[in-house]
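Peer 1: Attaching a single structure in structure tokens format; questions to follow.
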2 protein chains.
Amino acid sequence: MSPTRVRNRRATINDVATAAGLSRGTVSRVVNGERYVSDEAKIAVEDAIARVGYVRNSAARNLVTQESRAIALIIHEPHSLLFEDPNIGSILLGANAVLSKADYQLVSLIIDSDRDSRRVADYLRGGLVDGAVIISARASDPIASAVRDIGVPAAFVGHPPGTPDLPYVAIDNAAAARAITERLIGTGRRRIGMIASAMDRDSGNDRFTGFRDALGERFDASLVVEYPLYTYAAGLEGMQELLRRCPEIDGVFAASDAVAAGAMTALQESGRKVPDDVGIVGFDDSSWALRTRPQLSTVKQPADLLGSTAAELVLAQIEGRPSLAQVLDTTVVWRESA
Amino acid sequence: MSPTRVRNRRATINDVATAAGLSRGTVSRVVNGERYVSDEAKIAVEDAIARVGYVRNSAARNLVTQESRAIALIIHEPHSLLFEDPNIGSILLGANAVLSKADYQLVSLIIDSDRDSRRVADYLRGGLVDGAVIISARASDPIASAVRDIGVPAAFVGHPPGTPDLPYVAIDNAAAARAITERLIGTGRRRIGMIASAMDRDSGNDRFTGFRDALGERFDASLVVEYPLYTYAAGLEGMQELLRRCPEIDGVFAASDAVAAGAMTALQESGRKVPDDVGIVGFDDSSWALRTRPQLSTVKQPADLLGSTAAELVLAQIEGRPSLAQVLDTTVVWRESA
DNA sequence: GTGAAAGCGCTAACAT
DNA sequence: ATGTTAGCGCTTTCAC
């Protein structure tokens with residue numbers, strides 16, 4: 001049962017004040033743990049709070065303090081990708097860890113329609129959050145410019161072209177792709193292809209660029225296939241297509257681990273051995289990489305650090321500290337697939 | 001650039017009223033799209049809003065209306081499981097679709113520490129949301145009883161033992177497990193084992209119960225291994241252990257598709273053929289099921305419907321309609337793995 | 001150390 | 001159809 005309290009109405013600070021025989025001001029001071037309250041008053045208030053079952057109304061508090069101590073994390077992903085992408089969970093957890101420590105509530109808002117997009121923009125505009133991190137926005141995502149217009153402190157994870165000029169955290173996809181492609185070249189592969197994905201996003205586009213640059217003159221556009229999403233299915237089909245175009249292909253860079261896993265299945269179904277006949281590398285170092293046989297050589301991307309850094313960028317802005325874009329390091333993890 | 005507005009202060013309804021030469025009341029009516037405003041006034045207000053750059057302050061509005069038009073979705077999962085579980089994304093999207101249509105904002109709150117747990121409880125208590133969906137709470141999860149105590153309209157996805165007496169949506173895990181196990185028995189398997197997972201949750205526990213019941217007298221406890229999480233790794237290790245205990249095993253029920261995929265890898269590494277030597281079935285009909293070779297026979301669980309139904313249960317309570325627990329149907333999807 | 005009072009920005013009931 | 005007014009529940013000067 002709930003404590004004795006006024007029927008049909010949540011107890012307010014006034015009820016507490018009356019019950020404690022003190023003023024609202026004093027109750028407020030106790031509730032906010034301020035100095036200058038006698039032990040006597042403190043006890044009386046705490047006792048009264050328990051008796052009337054008081055809990056503070058956040059709307060009222062936010063109204064007067066003009067802050068909410070909440071940060072939004074906006075996820076705008078195509079349906080299928082939402083939880084197919086192992087990075088999202090890590091980014092979320094990374095951001096939550098930082099915000100939690102700073103005593104901010106992380107609220108995740110997902111955008112799955114234009115209607116959502118508008119509602120989320122209103123949510124931000126209304127002052128219900130003090131800042132926002134925008135995750136994996138596509139190029140020229142309307143929510144991205146909305147965030148800029150609203151003027152709420154914000155940071156992006158990733159840095160798509162057309163993104164408003166706001167702080168971001170990203171990895172250097174092109175450099176990472178170049179590094180792993182060079183390493184693949186170093187194993188003596190002669191005909192190297194790529195299964196590119198998500199070319200409408202910075203990640204997909206830059207990974208392709210890095211691949212092309214690493215190959216230089218040896219780059220062969222006919223050995224590149226492109227799919228809209230980073231999925232296992234894309235890898236499966238893409239590899240089959242590549243095999244059709246060039247049966248002698250002996251090296252493949254897949255735009256993500258999921259894609260690489262699909263490609264490996266296609267390779268094995270075609271009777272080829274990995275890495276003996278064909279070497280294959282992925283990107284992410286997600287749990288996919290350990291699931292394939294042989295295990296995948298891949299690029300390790302610090303997803304949780306991406307999330308925590310973005311959160312810190314937002315906090316910095318709120319506190320008036322400088323908040324600068326950051327590019328995080330990646331490393332190549334070499335296993336058995338190439 | 002932002003529109004002409006009072007420096008260093010967001011425009012309020014008063015600024016709009018002054019600029020339009022009308023009263024606050026009229027401005028409020030226009031903003032809320034109420035009847036009884038002349039076209040003339042409407043235009044004047046809209047014009048003034050644009051000029052001063054007015055956006056409504058949600059805290060103030062929520063304070064007077066005593067509602068927020070937001071619903072929380074609380075995710076309390078162990079780290080690794082968070083985005084390993086393909087159902088979560090679907091549940092989220094399902095809930096979002098329903099709430100979006102009803103013009104409610106879905107805010108996802110993740111609990112990853114005790115600190116988070118307290119903060120989320122405060123968030124709910126503070127009146128920042130009008131309702132909550134609690135997803136996959138473990139048995140006796142403290143947040144579950146907190147939600148009950150707070151008294152906010154709520155619904156659970158899943159129905160762990162020890163859960164407060166609140167509406168929930170679930171599938172009948174035991175019945176589904178029984179159905180697919182019986183089908184496996186029907187293929188003539190003699191030594192059937194199970195890789196159980198997450199026995200501290202209703203899903204894991206009930207799937208085991210269903211398996212045991214289906215086998216009846218033929219149930220052999222030594223053919224059951226148990227792991228804390230529904231993961232590929234659990235399947236891999238679990239299958240190796242089962243093979244060690246009983247090399248003649250010819251049928252396996254894995255508690256989830258991810259587990260089944262791991263088990264299949266172990267089986268293949270041991271030189272066994274699926275389904276010829278060993279038949280294997282999973283649970284979820286997630287994207288995992290299509291990724292294995294051969295593809296998995298499994299139980300299809302309507303994850304998005306779980307989310308949308310839970311959201312409807314919450315809306316029903318808010319609107320004072322009856323809100324009853326629901327058990328959703330599952331179906332067996334028979335493919336090639338057994 | 002505590003009380004009184006003003007006001008955050010908005011809606012809604014009541015006048016007119 | 002529009003203006004006036006009284007709060008919503010809280011924090012925060014400013015007195016004392």
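Residue numbering restarts at 1 for every chain of the structure tokens, chains are lettered A, B, ... in their displayed order, and ligands are numbered from 1 as they appear.
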Name the residues in contact with D:DC14 at a cut-off of 12 Å, using only C-alpha atoms (C1' of nucleotides), excluding same-chain residues fewer than 6 positions from it; report them as a VMD selection string.

Peer 2: chain C and resid 3 to 6

Peer 1: Any chance you could export the current selection's N, CA and C atoms (P, O5', C5', C4', C3', O3' and C1' of nucleotides) as an mmCIF file, in the first residue's frame?

Peer 2:
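Result saved to result04.cif:
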data_model
loop_
_atom_site.group_PDB
_atom_site.id
_atom_site.type_symbol
_atom_site.label_atom_id
_atom_site.label_comp_id
_atom_site.auth_asym_id
_atom_site.auth_seq_id
_atom_site.Cartn_x
_atom_site.Cartn_y
_atom_site.Cartn_z
ATOM 1 P P DG C 3 10.474 27.598 8.395
ATOM 2 O "O5'" DG C 3 10.075 29.029 7.858
ATOM 3 C "C5'" DG C 3 9.839 30.073 8.794
ATOM 4 C "C4'" DG C 3 9.387 31.318 8.065
ATOM 5 C "C3'" DG C 3 8.242 31.103 7.089
ATOM 6 O "O3'" DG C 3 7.357 32.214 7.196
ATOM 7 C "C1'" DG C 3 10.105 31.991 5.924
ATOM 8 P P DA C 4 5.983 32.234 6.420
ATOM 9 O "O5'" DA C 4 6.157 33.495 5.451
ATOM 10 C "C5'" DA C 4 7.131 34.506 5.725
ATOM 11 C "C4'" DA C 4 7.101 35.505 4.574
ATOM 12 C "C3'" DA C 4 5.873 35.403 3.675
ATOM 13 O "O3'" DA C 4 5.568 36.699 3.204
ATOM 14 C "C1'" DA C 4 7.802 34.802 2.434
ATOM 15 P P DA C 5 4.422 36.909 2.096
ATOM 16 O "O5'" DA C 5 5.266 36.918 0.749
ATOM 17 C "C5'" DA C 5 6.449 37.714 0.668
ATOM 18 C "C4'" DA C 5 6.944 37.719 -0.767
ATOM 19 C "C3'" DA C 5 5.818 37.687 -1.796
ATOM 20 O "O3'" DA C 5 6.259 38.437 -2.912
ATOM 21 C "C1'" DA C 5 7.169 35.800 -2.087
ATOM 22 P P DA C 6 5.238 38.813 -4.080
ATOM 23 O "O5'" DA C 6 6.221 38.832 -5.326
ATOM 24 C "C5'" DA C 6 7.625 39.044 -5.124
ATOM 25 C "C4'" DA C 6 8.385 38.302 -6.213
ATOM 26 C "C3'" DA C 6 7.637 38.267 -7.550
ATOM 27 O "O3'" DA C 6 8.577 38.507 -8.579
ATOM 28 C "C1'" DA C 6 8.139 36.076 -6.868
#

Peer 1: Can you list every residue of stretch 56-171 of chain B that has an atom at most 12 Å from stretch 1-12 of chain D, with its nearest atom pair and the distance in Å to one decimal, using only C-alpha atoms (C1' of nucleotides), ordered by chain then number, as JSON lines?

Peer 2:
{"residue": "B:Ala59", "atom": "CA", "partner": "D:DC8", "partner_atom": "C1'", "distance": 10.7}
{"residue": "B:Ala60", "atom": "CA", "partner": "D:DC8", "partner_atom": "C1'", "distance": 8.4}
{"residue": "B:Arg61", "atom": "CA", "partner": "D:DC8", "partner_atom": "C1'", "distance": 9.0}
{"residue": "B:Asn62", "atom": "CA", "partner": "D:DC8", "partner_atom": "C1'", "distance": 8.8}
{"residue": "B:Leu63", "atom": "CA", "partner": "D:DC8", "partner_atom": "C1'", "distance": 5.3}
{"residue": "B:Val64", "atom": "CA", "partner": "D:DC8", "partner_atom": "C1'", "distance": 4.4}
{"residue": "B:Thr65", "atom": "CA", "partner": "D:DC8", "partner_atom": "C1'", "distance": 7.7}
{"residue": "B:Gln66", "atom": "CA", "partner": "D:DC8", "partner_atom": "C1'", "distance": 7.9}
{"residue": "B:Glu67", "atom": "CA", "partner": "D:DC8", "partner_atom": "C1'", "distance": 11.3}
{"residue": "B:Gly126", "atom": "CA", "partner": "D:DG9", "partner_atom": "C1'", "distance": 11.4}
{"residue": "B:Gly127", "atom": "CA", "partner": "D:DG9", "partner_atom": "C1'", "distance": 11.8}

Peer 1: Would you return as an mmCIF file with N, CA, C and O atoms, in the first residue's frame the members of stretch 61-229 of chain A that DSSP assigns to alpha helix (DSSP H) on this structure's backbone?

Peer 2:
data_model
loop_
_atom_site.group_PDB
_atom_site.id
_atom_site.type_symbol
_atom_site.label_atom_id
_atom_site.label_comp_id
_atom_site.auth_asym_id
_atom_site.auth_seq_id
_atom_site.Cartn_x
_atom_site.Cartn_y
_atom_site.Cartn_z
ATOM 1 N N ARG A 61 10.321 21.144 -11.715
ATOM 2 C CA ARG A 61 11.722 21.446 -11.460
ATOM 3 C C ARG A 61 12.441 21.888 -12.729
ATOM 4 O O ARG A 61 13.170 22.878 -12.737
ATOM 5 N N ASN A 62 12.193 21.167 -13.812
ATOM 6 C CA ASN A 62 12.838 21.524 -15.067
ATOM 7 C C ASN A 62 12.416 22.925 -15.514
ATOM 8 O O ASN A 62 13.209 23.672 -16.081
ATOM 9 N N LEU A 63 11.179 23.239 -15.236
ATOM 10 C CA LEU A 63 10.671 24.548 -15.642
ATOM 11 C C LEU A 63 11.458 25.671 -14.970
ATOM 12 O O LEU A 63 11.870 26.630 -15.623
ATOM 13 N N VAL A 64 11.658 25.538 -13.699
ATOM 14 C CA VAL A 64 12.362 26.624 -13.027
ATOM 15 C C VAL A 64 13.878 26.564 -13.232
ATOM 16 O O VAL A 64 14.514 27.612 -13.404
ATOM 17 N N THR A 65 14.439 25.385 -13.250
ATOM 18 C CA THR A 65 15.898 25.325 -13.418
ATOM 19 C C THR A 65 16.316 25.461 -14.876
ATOM 20 O O THR A 65 17.485 25.679 -15.164
ATOM 21 N N PRO A 86 26.268 -4.543 -34.943
ATOM 22 C CA PRO A 86 26.741 -4.787 -33.581
ATOM 23 C C PRO A 86 27.319 -3.540 -32.932
ATOM 24 O O PRO A 86 27.458 -3.474 -31.722
ATOM 25 N N ASN A 87 27.639 -2.540 -33.718
ATOM 26 C CA ASN A 87 28.250 -1.344 -33.151
ATOM 27 C C ASN A 87 27.266 -0.506 -32.353
ATOM 28 O O ASN A 87 27.636 0.124 -31.362
ATOM 29 N N ILE A 88 26.035 -0.491 -32.791
ATOM 30 C CA ILE A 88 25.057 0.366 -32.134
ATOM 31 C C ILE A 88 24.938 0.082 -30.647
ATOM 32 O O ILE A 88 24.944 0.995 -29.831
ATOM 33 N N GLY A 89 24.849 -1.184 -30.312
ATOM 34 C CA GLY A 89 24.744 -1.524 -28.901
ATOM 35 C C GLY A 89 25.934 -1.016 -28.103
ATOM 36 O O GLY A 89 25.777 -0.460 -27.023
ATOM 37 N N SER A 90 27.101 -1.161 -28.657
ATOM 38 C CA SER A 90 28.304 -0.719 -27.949
ATOM 39 C C SER A 90 28.361 0.789 -27.815
ATOM 40 O O SER A 90 28.774 1.320 -26.784
ATOM 41 N N ILE A 91 27.954 1.473 -28.853
ATOM 42 C CA ILE A 91 27.952 2.930 -28.814
ATOM 43 C C ILE A 91 27.000 3.394 -27.715
ATOM 44 O O ILE A 91 27.327 4.264 -26.895
ATOM 45 N N LEU A 92 25.840 2.786 -27.692
ATOM 46 C CA LEU A 92 24.838 3.112 -26.699
ATOM 47 C C LEU A 92 25.360 2.909 -25.277
ATOM 48 O O LEU A 92 25.233 3.783 -24.410
ATOM 49 N N LEU A 93 25.945 1.756 -25.070
ATOM 50 C CA LEU A 93 26.472 1.450 -23.744
ATOM 51 C C LEU A 93 27.614 2.390 -23.374
ATOM 52 O O LEU A 93 27.724 2.828 -22.222
ATOM 53 N N GLY A 94 28.438 2.716 -24.339
ATOM 54 C CA GLY A 94 29.548 3.636 -24.075
ATOM 55 C C GLY A 94 29.044 5.010 -23.678
ATOM 56 O O GLY A 94 29.516 5.611 -22.703
ATOM 57 N N ALA A 95 28.070 5.499 -24.401
ATOM 58 C CA ALA A 95 27.502 6.809 -24.089
ATOM 59 C C ALA A 95 26.823 6.774 -22.722
ATOM 60 O O ALA A 95 26.984 7.680 -21.901
ATOM 61 N N ASN A 96 26.091 5.713 -22.476
ATOM 62 C CA ASN A 96 25.375 5.605 -21.210
ATOM 63 C C ASN A 96 26.335 5.619 -20.018
ATOM 64 O O ASN A 96 26.057 6.241 -18.997
ATOM 65 N N ALA A 97 27.448 4.955 -20.171
ATOM 66 C CA ALA A 97 28.407 4.885 -19.066
ATOM 67 C C ALA A 97 28.902 6.279 -18.672
ATOM 68 O O ALA A 97 28.929 6.637 -17.493
ATOM 69 N N VAL A 98 29.260 7.063 -19.662
ATOM 70 C CA VAL A 98 29.757 8.417 -19.394
ATOM 71 C C VAL A 98 28.670 9.305 -18.797
ATOM 72 O O VAL A 98 28.885 10.012 -17.809
ATOM 73 N N LEU A 99 27.491 9.263 -19.391
ATOM 74 C CA LEU A 99 26.405 10.123 -18.924
ATOM 75 C C LEU A 99 25.937 9.716 -17.539
ATOM 76 O O LEU A 99 25.630 10.558 -16.704
ATOM 77 N N SER A 100 25.910 8.423 -17.312
ATOM 78 C CA SER A 100 25.482 7.928 -16.021
ATOM 79 C C SER A 100 26.398 8.461 -14.923
ATOM 80 O O SER A 100 25.954 8.917 -13.879
ATOM 81 N N LYS A 101 27.683 8.434 -15.198
ATOM 82 C CA LYS A 101 28.647 8.911 -14.216
ATOM 83 C C LYS A 101 28.452 10.405 -13.934
ATOM 84 O O LYS A 101 28.639 10.871 -12.818
ATOM 85 N N ASP A 114 8.850 9.503 -41.084
ATOM 86 C CA ASP A 114 8.908 10.969 -41.107
ATOM 87 C C ASP A 114 8.185 11.540 -39.902
ATOM 88 O O ASP A 114 8.568 12.566 -39.346
ATOM 89 N N ARG A 115 7.151 10.836 -39.533
ATOM 90 C CA ARG A 115 6.389 11.254 -38.372
ATOM 91 C C ARG A 115 7.277 11.241 -37.129
ATOM 92 O O ARG A 115 7.253 12.161 -36.309
ATOM 93 N N ASP A 116 8.051 10.172 -36.997
ATOM 94 C CA ASP A 116 8.994 10.072 -35.874
ATOM 95 C C ASP A 116 9.976 11.230 -35.920
ATOM 96 O O ASP A 116 10.315 11.828 -34.905
ATOM 97 N N SER A 117 10.414 11.505 -37.101
ATOM 98 C CA SER A 117 11.411 12.535 -37.287
ATOM 99 C C SER A 117 10.912 13.875 -36.753
ATOM 100 O O SER A 117 11.611 14.571 -36.007
ATOM 101 N N ARG A 118 9.700 14.194 -37.091
ATOM 102 C CA ARG A 118 9.121 15.452 -36.613
ATOM 103 C C ARG A 118 8.916 15.436 -35.105
ATOM 104 O O ARG A 118 9.208 16.405 -34.411
ATOM 105 N N ARG A 119 8.421 14.333 -34.612
ATOM 106 C CA ARG A 119 8.153 14.252 -33.187
ATOM 107 C C ARG A 119 9.439 14.339 -32.365
ATOM 108 O O ARG A 119 9.503 15.009 -31.335
ATOM 109 N N VAL A 120 10.464 13.692 -32.851
ATOM 110 C CA VAL A 120 11.749 13.751 -32.155
ATOM 111 C C VAL A 120 12.290 15.178 -32.169
ATOM 112 O O VAL A 120 12.791 15.672 -31.159
ATOM 113 N N ALA A 121 12.146 15.851 -33.300
ATOM 114 C CA ALA A 121 12.599 17.243 -33.373
ATOM 115 C C ALA A 121 11.844 18.088 -32.346
ATOM 116 O O ALA A 121 12.435 18.901 -31.636
ATOM 117 N N ASP A 122 10.549 17.867 -32.237
ATOM 118 C CA ASP A 122 9.763 18.611 -31.249
ATOM 119 C C ASP A 122 10.228 18.304 -29.831
ATOM 120 O O ASP A 122 10.251 19.177 -28.967
ATOM 121 N N TYR A 123 10.568 17.053 -29.636
ATOM 122 C CA TYR A 123 11.012 16.619 -28.309
ATOM 123 C C TYR A 123 12.268 17.387 -27.911
ATOM 124 O O TYR A 123 12.401 17.865 -26.790
ATOM 125 N N LEU A 124 13.179 17.516 -28.843
ATOM 126 C CA LEU A 124 14.415 18.245 -28.573
ATOM 127 C C LEU A 124 14.134 19.729 -28.380
ATOM 128 O O LEU A 124 14.644 20.364 -27.465
ATOM 129 N N ARG A 125 13.329 20.259 -29.259
ATOM 130 C CA ARG A 125 12.993 21.676 -29.212
ATOM 131 C C ARG A 125 12.328 22.065 -27.907
ATOM 132 O O ARG A 125 12.539 23.149 -27.394
ATOM 133 N N PRO A 142 17.629 14.874 -42.493
ATOM 134 C CA PRO A 142 16.923 16.075 -42.015
ATOM 135 C C PRO A 142 17.039 16.299 -40.510
ATOM 136 O O PRO A 142 17.095 17.429 -40.051
ATOM 137 N N ILE A 143 17.094 15.219 -39.751
ATOM 138 C CA ILE A 143 17.175 15.395 -38.305
ATOM 139 C C ILE A 143 18.487 16.083 -37.926
ATOM 140 O O ILE A 143 18.552 16.828 -36.945
ATOM 141 N N ALA A 144 19.521 15.841 -38.717
ATOM 142 C CA ALA A 144 20.817 16.447 -38.419
ATOM 143 C C ALA A 144 20.755 17.967 -38.501
ATOM 144 O O ALA A 144 21.226 18.671 -37.605
ATOM 145 N N SER A 145 20.141 18.482 -39.555
ATOM 146 C CA SER A 145 20.063 19.933 -39.644
ATOM 147 C C SER A 145 19.057 20.479 -38.639
ATOM 148 O O SER A 145 19.232 21.581 -38.111
ATOM 149 N N ALA A 146 18.035 19.685 -38.343
ATOM 150 C CA ALA A 146 17.072 20.118 -37.329
ATOM 151 C C ALA A 146 17.791 20.327 -36.001
ATOM 152 O O ALA A 146 17.582 21.324 -35.322
ATOM 153 N N VAL A 147 18.651 19.410 -35.664
ATOM 154 C CA VAL A 147 19.402 19.513 -34.407
ATOM 155 C C VAL A 147 20.244 20.782 -34.392
ATOM 156 O O VAL A 147 20.305 21.497 -33.399
ATOM 157 N N ARG A 148 20.856 21.075 -35.502
ATOM 158 C CA ARG A 148 21.673 22.282 -35.577
ATOM 159 C C ARG A 148 20.784 23.520 -35.394
ATOM 160 O O ARG A 148 21.096 24.413 -34.614
ATOM 161 N N ASP A 149 19.652 23.548 -36.079
ATOM 162 C CA ASP A 149 18.756 24.696 -35.985
ATOM 163 C C ASP A 149 18.220 24.898 -34.569
ATOM 164 O O ASP A 149 18.061 26.015 -34.107
ATOM 165 N N ILE A 150 17.914 23.801 -33.938
ATOM 166 C CA ILE A 150 17.370 23.880 -32.590
ATOM 167 C C ILE A 150 18.397 24.480 -31.641
ATOM 168 O O ILE A 150 18.058 25.140 -30.665
ATOM 169 N N ASN A 173 37.743 5.779 -41.603
ATOM 170 C CA ASN A 173 37.385 4.583 -42.364
ATOM 171 C C ASN A 173 38.299 4.358 -43.557
ATOM 172 O O ASN A 173 38.683 3.224 -43.853
ATOM 173 N N ALA A 174 38.643 5.444 -44.220
ATOM 174 C CA ALA A 174 39.481 5.304 -45.413
ATOM 175 C C ALA A 174 40.862 4.770 -45.045
ATOM 176 O O ALA A 174 41.376 3.833 -45.660
ATOM 177 N N ALA A 175 41.456 5.353 -44.018
ATOM 178 C CA ALA A 175 42.798 4.908 -43.616
ATOM 179 C C ALA A 175 42.770 3.458 -43.153
ATOM 180 O O ALA A 175 43.667 2.666 -43.467
ATOM 181 N N ALA A 176 41.732 3.106 -42.404
ATOM 182 C CA ALA A 176 41.635 1.736 -41.906
ATOM 183 C C ALA A 176 41.459 0.757 -43.061
ATOM 184 O O ALA A 176 42.085 -0.309 -43.099
ATOM 185 N N ALA A 177 40.627 1.129 -44.023
ATOM 186 C CA ALA A 177 40.402 0.264 -45.171
ATOM 187 C C ALA A 177 41.700 0.112 -45.966
ATOM 188 O O ALA A 177 42.037 -0.980 -46.441
ATOM 189 N N ARG A 178 42.423 1.203 -46.084
ATOM 190 C CA ARG A 178 43.691 1.157 -46.801
ATOM 191 C C ARG A 178 44.658 0.196 -46.104
ATOM 192 O O ARG A 178 45.276 -0.661 -46.729
ATOM 193 N N ALA A 179 44.716 0.324 -44.784
ATOM 194 C CA ALA A 179 45.651 -0.519 -44.020
ATOM 195 C C ALA A 179 45.365 -2.003 -44.191
ATOM 196 O O ALA A 179 46.273 -2.795 -44.442
ATOM 197 N N ILE A 180 44.103 -2.366 -44.074
ATOM 198 C CA ILE A 180 43.829 -3.803 -44.146
ATOM 199 C C ILE A 180 43.939 -4.314 -45.581
ATOM 200 O O ILE A 180 44.342 -5.459 -45.818
ATOM 201 N N THR A 181 43.623 -3.464 -46.538
ATOM 202 C CA THR A 181 43.758 -3.871 -47.934
ATOM 203 C C THR A 181 45.247 -4.083 -48.265
ATOM 204 O O THR A 181 45.615 -5.055 -48.935
ATOM 205 N N GLU A 182 46.081 -3.184 -47.772
ATOM 206 C CA GLU A 182 47.516 -3.332 -48.023
ATOM 207 C C GLU A 182 48.049 -4.623 -47.430
ATOM 208 O O GLU A 182 48.878 -5.312 -48.007
ATOM 209 N N ARG A 183 47.525 -4.929 -46.283
ATOM 210 C CA ARG A 183 47.959 -6.155 -45.634
ATOM 211 C C ARG A 183 47.518 -7.376 -46.452
ATOM 212 O O ARG A 183 48.244 -8.364 -46.561
ATOM 213 N N LEU A 184 46.348 -7.265 -47.019
ATOM 214 C CA LEU A 184 45.836 -8.344 -47.866
ATOM 215 C C LEU A 184 46.714 -8.480 -49.112
ATOM 216 O O LEU A 184 47.080 -9.589 -49.523
ATOM 217 N N ILE A 185 47.059 -7.338 -49.683
ATOM 218 C CA ILE A 185 47.946 -7.341 -50.848
ATOM 219 C C ILE A 185 49.266 -8.019 -50.489
ATOM 220 O O ILE A 185 49.821 -8.811 -51.261
ATOM 221 N N GLY A 186 49.717 -7.737 -49.267
ATOM 222 C CA GLY A 186 50.992 -8.281 -48.805
ATOM 223 C C GLY A 186 51.029 -9.799 -48.736
ATOM 224 O O GLY A 186 52.105 -10.403 -48.692
ATOM 225 N N ASP A 202 29.058 7.801 -44.721
ATOM 226 C CA ASP A 202 30.488 8.049 -44.717
ATOM 227 C C ASP A 202 31.265 6.760 -44.568
ATOM 228 O O ASP A 202 32.252 6.514 -45.252
ATOM 229 N N SER A 203 30.793 5.882 -43.682
ATOM 230 C CA SER A 203 31.537 4.655 -43.433
ATOM 231 C C SER A 203 31.703 3.842 -44.710
ATOM 232 O O SER A 203 32.817 3.460 -45.081
ATOM 233 N N GLY A 204 30.612 3.605 -45.390
ATOM 234 C CA GLY A 204 30.661 2.778 -46.583
ATOM 235 C C GLY A 204 31.477 3.417 -47.694
ATOM 236 O O GLY A 204 32.301 2.760 -48.347
ATOM 237 N N ASN A 205 31.252 4.668 -47.865
ATOM 238 C CA ASN A 205 31.933 5.380 -48.926
ATOM 239 C C ASN A 205 33.451 5.455 -48.684
ATOM 240 O O ASN A 205 34.265 5.203 -49.568
ATOM 241 N N ASP A 206 33.818 5.781 -47.467
ATOM 242 C CA ASP A 206 35.233 5.906 -47.153
ATOM 243 C C ASP A 206 35.973 4.566 -47.192
ATOM 244 O O ASP A 206 37.145 4.497 -47.541
ATOM 245 N N ARG A 207 35.272 3.517 -46.823
ATOM 246 C CA ARG A 207 35.932 2.209 -46.871
ATOM 247 C C ARG A 207 36.251 1.845 -48.320
ATOM 248 O O ARG A 207 37.297 1.269 -48.619
ATOM 249 N N PHE A 208 35.350 2.206 -49.181
ATOM 250 C CA PHE A 208 35.595 1.945 -50.596
ATOM 251 C C PHE A 208 36.787 2.780 -51.099
ATOM 252 O O PHE A 208 37.688 2.275 -51.774
ATOM 253 N N THR A 209 36.780 4.036 -50.728
ATOM 254 C CA THR A 209 37.873 4.920 -51.153
ATOM 255 C C THR A 209 39.230 4.389 -50.687
ATOM 256 O O THR A 209 40.201 4.363 -51.449
ATOM 257 N N GLY A 210 39.261 3.951 -49.437
ATOM 258 C CA GLY A 210 40.516 3.430 -48.894
ATOM 259 C C GLY A 210 40.984 2.201 -49.668
ATOM 260 O O GLY A 210 42.169 2.027 -49.963
ATOM 261 N N PHE A 211 40.012 1.369 -49.997
ATOM 262 C CA PHE A 211 40.314 0.157 -50.759
ATOM 263 C C PHE A 211 40.913 0.524 -52.115
ATOM 264 O O PHE A 211 41.959 0.010 -52.530
ATOM 265 N N ARG A 212 40.256 1.435 -52.784
ATOM 266 C CA ARG A 212 40.705 1.829 -54.122
ATOM 267 C C ARG A 212 42.107 2.452 -54.073
ATOM 268 O O ARG A 212 42.978 2.138 -54.870
ATOM 269 N N ASP A 213 42.307 3.298 -53.076
ATOM 270 C CA ASP A 213 43.610 3.949 -52.956
ATOM 271 C C ASP A 213 44.732 2.947 -52.684
ATOM 272 O O ASP A 213 45.840 3.075 -53.199
ATOM 273 N N ALA A 214 44.427 1.955 -51.864
ATOM 274 C CA ALA A 214 45.464 0.973 -51.522
ATOM 275 C C ALA A 214 45.891 0.191 -52.756
ATOM 276 O O ALA A 214 47.066 -0.149 -52.926
ATOM 277 N N LEU A 215 44.929 -0.070 -53.610
ATOM 278 C CA LEU A 215 45.222 -0.863 -54.791
ATOM 279 C C LEU A 215 45.930 -0.052 -55.876
ATOM 280 O O LEU A 215 46.680 -0.600 -56.687
#

Peer 1: As a VMD selection string, please: every residue in stretch 72-176 of chain A that DSSP puts in strand (DSSP E).

Peer 2: chain A and resid 72 to 75 105 to 110 131 to 135 154 to 157 168 to 171

Peer 1: Export C-alpha atoms of the chosen residues as a tab-separated table (two decimals), in the first residue's frame?

Peer 2:
chain	number	residue	atom	x	y	z
A	72	ALA	CA	19.00	12.21	-26.15
A	73	LEU	CA	20.62	9.59	-28.31
A	74	ILE	CA	19.00	9.64	-31.70
A	75	ILE	CA	19.09	6.48	-33.73
A	105	GLN	CA	19.81	10.23	-18.03
A	106	LEU	CA	20.36	8.87	-21.50
A	107	VAL	CA	17.12	8.67	-23.47
A	108	SER	CA	17.24	6.88	-26.80
A	109	LEU	CA	14.88	8.08	-29.48
A	110	ILE	CA	14.44	6.05	-32.57
A	131	GLY	CA	21.85	17.76	-25.39
A	132	ALA	CA	21.88	15.10	-28.06
A	133	VAL	CA	24.14	12.61	-29.73
A	134	ILE	CA	23.16	11.62	-33.22
A	135	ILE	CA	24.20	8.21	-34.29
A	154	ALA	CA	25.06	18.00	-29.88
A	155	ALA	CA	27.65	15.65	-31.29
A	156	PHE	CA	27.59	13.17	-34.13
A	157	VAL	CA	28.92	9.67	-34.20
A	168	TYR	CA	31.73	14.60	-34.12
A	169	VAL	CA	33.65	11.46	-33.28
A	170	ALA	CA	34.57	9.12	-36.02
A	171	ILE	CA	37.13	6.64	-37.12
